[in-house]
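Heads up, the thing below is written out as structure tokens.
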Amino acid sequence: QVQLVESGGGLVQAGGSLRLSCKASGSGFIVNAMAWFRGAPGKERELVARMFSGGATTYGDSVRGRFTISRDNAANTVSLQMSNLEREDTAIYYCNVRLRDKSTEYWGRGTQVTVSS
């Protein structure tokens, strides 16, 4: 079992920045990828950014160039630096971990990000 704890959400004005962090804890697990997803009312949950253990990254089209994902593999933490935030970025952001078997995933409870105009 893997537990994920997110932190860093909050309220920010458009154009501002926020940093989200997520720590994975448990025993005997090996991570393939850590990621951030987001969900807003009336919208499907979407991938924001994913980083694989080897360092490769994937970003959603709407955040590419504004958000940066980073990982500390030894500490099993993943962070998301969000810059130039837009109202459309308002959502609950969820941390996601996919294990080495590529079929087992865990989710955090989510952290609210609200961008005001």
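In the structure tokens, chains take letters A, B, ... by order of appearance, with residues numbered from 1 within each chain and ligands from 1 in the order shown.
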
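Counting only C-alpha atoms, A:Arg109 has the following residues at most 9 Å away, ignoring those fewer than 5 positions along the same chain: Leu4, Val5, Glu6, Tyr93, Tyr94 and Cys95 of chain A.
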
Include all heavy atoms and write out the residues we just selected as a PDB file, in the first residue's frame.
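This is the output file again13.pdb:
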ATOM      1  N   LEU A   4      -0.209   8.769  -0.341  1.00  0.00           N
ATOM      2  CA  LEU A   4       0.237  10.007  -0.973  1.00  0.00           C
ATOM      3  C   LEU A   4      -0.333  11.185  -0.202  1.00  0.00           C
ATOM      4  O   LEU A   4      -1.537  11.234   0.072  1.00  0.00           O
ATOM      5  CB  LEU A   4      -0.235  10.073  -2.425  1.00  0.00           C
ATOM      6  CG  LEU A   4       0.212   8.932  -3.340  1.00  0.00           C
ATOM      7  CD1 LEU A   4      -0.401   9.102  -4.722  1.00  0.00           C
ATOM      8  CD2 LEU A   4       1.716   8.868  -3.431  1.00  0.00           C
ATOM      9  N   VAL A   5       0.532  12.130   0.101  1.00  0.00           N
ATOM     10  CA  VAL A   5       0.103  13.330   0.816  1.00  0.00           C
ATOM     11  C   VAL A   5       0.529  14.537  -0.001  1.00  0.00           C
ATOM     12  O   VAL A   5       1.723  14.738  -0.248  1.00  0.00           O
ATOM     13  CB  VAL A   5       0.703  13.396   2.220  1.00  0.00           C
ATOM     14  CG1 VAL A   5       0.283  14.694   2.911  1.00  0.00           C
ATOM     15  CG2 VAL A   5       0.266  12.187   3.045  1.00  0.00           C
ATOM     16  N   GLU A   6      -0.461  15.322  -0.398  1.00  0.00           N
ATOM     17  CA  GLU A   6      -0.196  16.522  -1.200  1.00  0.00           C
ATOM     18  C   GLU A   6      -0.188  17.755  -0.307  1.00  0.00           C
ATOM     19  O   GLU A   6      -0.844  17.788   0.737  1.00  0.00           O
ATOM     20  CB  GLU A   6      -1.267  16.704  -2.270  1.00  0.00           C
ATOM     21  CG  GLU A   6      -1.391  15.574  -3.249  1.00  0.00           C
ATOM     22  CD  GLU A   6      -2.764  14.925  -3.238  1.00  0.00           C
ATOM     23  OE1 GLU A   6      -3.414  14.954  -2.163  1.00  0.00           O
ATOM     24  OE2 GLU A   6      -3.186  14.397  -4.270  1.00  0.00           O
ATOM     25  N   TYR A  93      -6.089  19.394  -7.660  1.00  0.00           N
ATOM     26  CA  TYR A  93      -4.916  18.741  -8.217  1.00  0.00           C
ATOM     27  C   TYR A  93      -4.611  17.478  -7.412  1.00  0.00           C
ATOM     28  O   TYR A  93      -4.519  17.525  -6.179  1.00  0.00           O
ATOM     29  CB  TYR A  93      -3.719  19.692  -8.200  1.00  0.00           C
ATOM     30  CG  TYR A  93      -3.822  20.745  -9.288  1.00  0.00           C
ATOM     31  CD1 TYR A  93      -4.784  21.746  -9.212  1.00  0.00           C
ATOM     32  CD2 TYR A  93      -2.973  20.722 -10.391  1.00  0.00           C
ATOM     33  CE1 TYR A  93      -4.900  22.699 -10.208  1.00  0.00           C
ATOM     34  CE2 TYR A  93      -3.080  21.676 -11.392  1.00  0.00           C
ATOM     35  CZ  TYR A  93      -4.048  22.651 -11.298  1.00  0.00           C
ATOM     36  OH  TYR A  93      -4.159  23.593 -12.292  1.00  0.00           O
ATOM     37  N   TYR A  94      -4.462  16.388  -8.141  1.00  0.00           N
ATOM     38  CA  TYR A  94      -4.257  15.080  -7.521  1.00  0.00           C
ATOM     39  C   TYR A  94      -2.880  14.534  -7.870  1.00  0.00           C
ATOM     40  O   TYR A  94      -2.466  14.552  -9.031  1.00  0.00           O
ATOM     41  CB  TYR A  94      -5.296  14.084  -8.017  1.00  0.00           C
ATOM     42  CG  TYR A  94      -6.725  14.456  -7.715  1.00  0.00           C
ATOM     43  CD1 TYR A  94      -7.480  15.196  -8.610  1.00  0.00           C
ATOM     44  CD2 TYR A  94      -7.327  14.045  -6.524  1.00  0.00           C
ATOM     45  CE1 TYR A  94      -8.794  15.536  -8.330  1.00  0.00           C
ATOM     46  CE2 TYR A  94      -8.641  14.370  -6.239  1.00  0.00           C
ATOM     47  CZ  TYR A  94      -9.370  15.120  -7.149  1.00  0.00           C
ATOM     48  OH  TYR A  94     -10.677  15.448  -6.873  1.00  0.00           O
ATOM     49  N   CYS A  95      -2.218  14.027  -6.878  1.00  0.00           N
ATOM     50  CA  CYS A  95      -0.960  13.334  -7.080  1.00  0.00           C
ATOM     51  C   CYS A  95      -1.262  11.885  -7.451  1.00  0.00           C
ATOM     52  O   CYS A  95      -2.193  11.270  -6.912  1.00  0.00           O
ATOM     53  CB  CYS A  95      -0.148  13.390  -5.792  1.00  0.00           C
ATOM     54  SG  CYS A  95       1.455  12.594  -5.856  1.00  0.00           S
TER      55      CYS A  95
END

For this session: Name all residues at most 10 Å from A:Glu88 (count only C-alpha atoms; drop same-chain ones fewer than 6 positions away) and give them as a count of residues only.
Result: 6

For this session: From the DSSP assignment of the backbone, select every residue of stretch 5-113 of chain A that is strand (DSSP E or B), and format the answer as a VMD selection string.
Result: chain A and resid 5 to 7 10 to 13 18 to 26 31 to 39 46 to 52 57 to 59 64 67 to 72 77 to 82 91 to 99 105 to 107 111 to 113

For this session: Choose the residue, out of A:Val113, A:Ile30, A:Val2, A:Met82, that has the smallest atom-to-atom separation from A:Arg100; count only C-alpha atoms.
Result: A:Ile30

Exercise. Which is closer to A:Arg87 than all the others in A:Asn73, A:Gln112, A:Thr68, A:Gln13, using only C-alpha atoms?
Worked result: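 For A:Arg87, the nearest of the candidates is A:Gln13.
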
Problem set entry | Residues within 10 Å of A:Ser83, only C-alpha atoms, excluding chain neighbours under 4 positions, as an MDAnalysis selection string | chainID A and resid 14:19 63 65:68

For this session: Find the residues around A:Tyr59 up to 6 Å (only C-alpha atoms counted), leave out those fewer than 2 positions away in its own chain, and share them as a list in words.
Result: Val48, Ala49 and Arg64 of chain A

Which stretch 6-37 of chain A residues have any atom within 7 Å of an atom of stretch 50-53 of chain A, and for each, what is the nearest pair of atoms with distance in Å to one decimal, counting only C-alpha atoms, rows sorted by chain and number, as a tab-separated table?
residue	atom	partner	partner_atom	distance
A:Val31	CA	A:Ser53	CA	7.0
A:Asn32	CA	A:Ser53	CA	5.6
A:Ala33	CA	A:Phe52	CA	4.2
A:Met34	CA	A:Met51	CA	5.6
A:Ala35	CA	A:Arg50	CA	4.0
A:Trp36	CA	A:Arg50	CA	6.4

For this session: Using only C-alpha atoms, pick whichever of A:Gly60, A:Ala24, A:Ile69, A:Leu80 has the shortest atom-to-atom distance to A:Arg45.
Result: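 The closest residue to A:Arg45 is A:Gly60.
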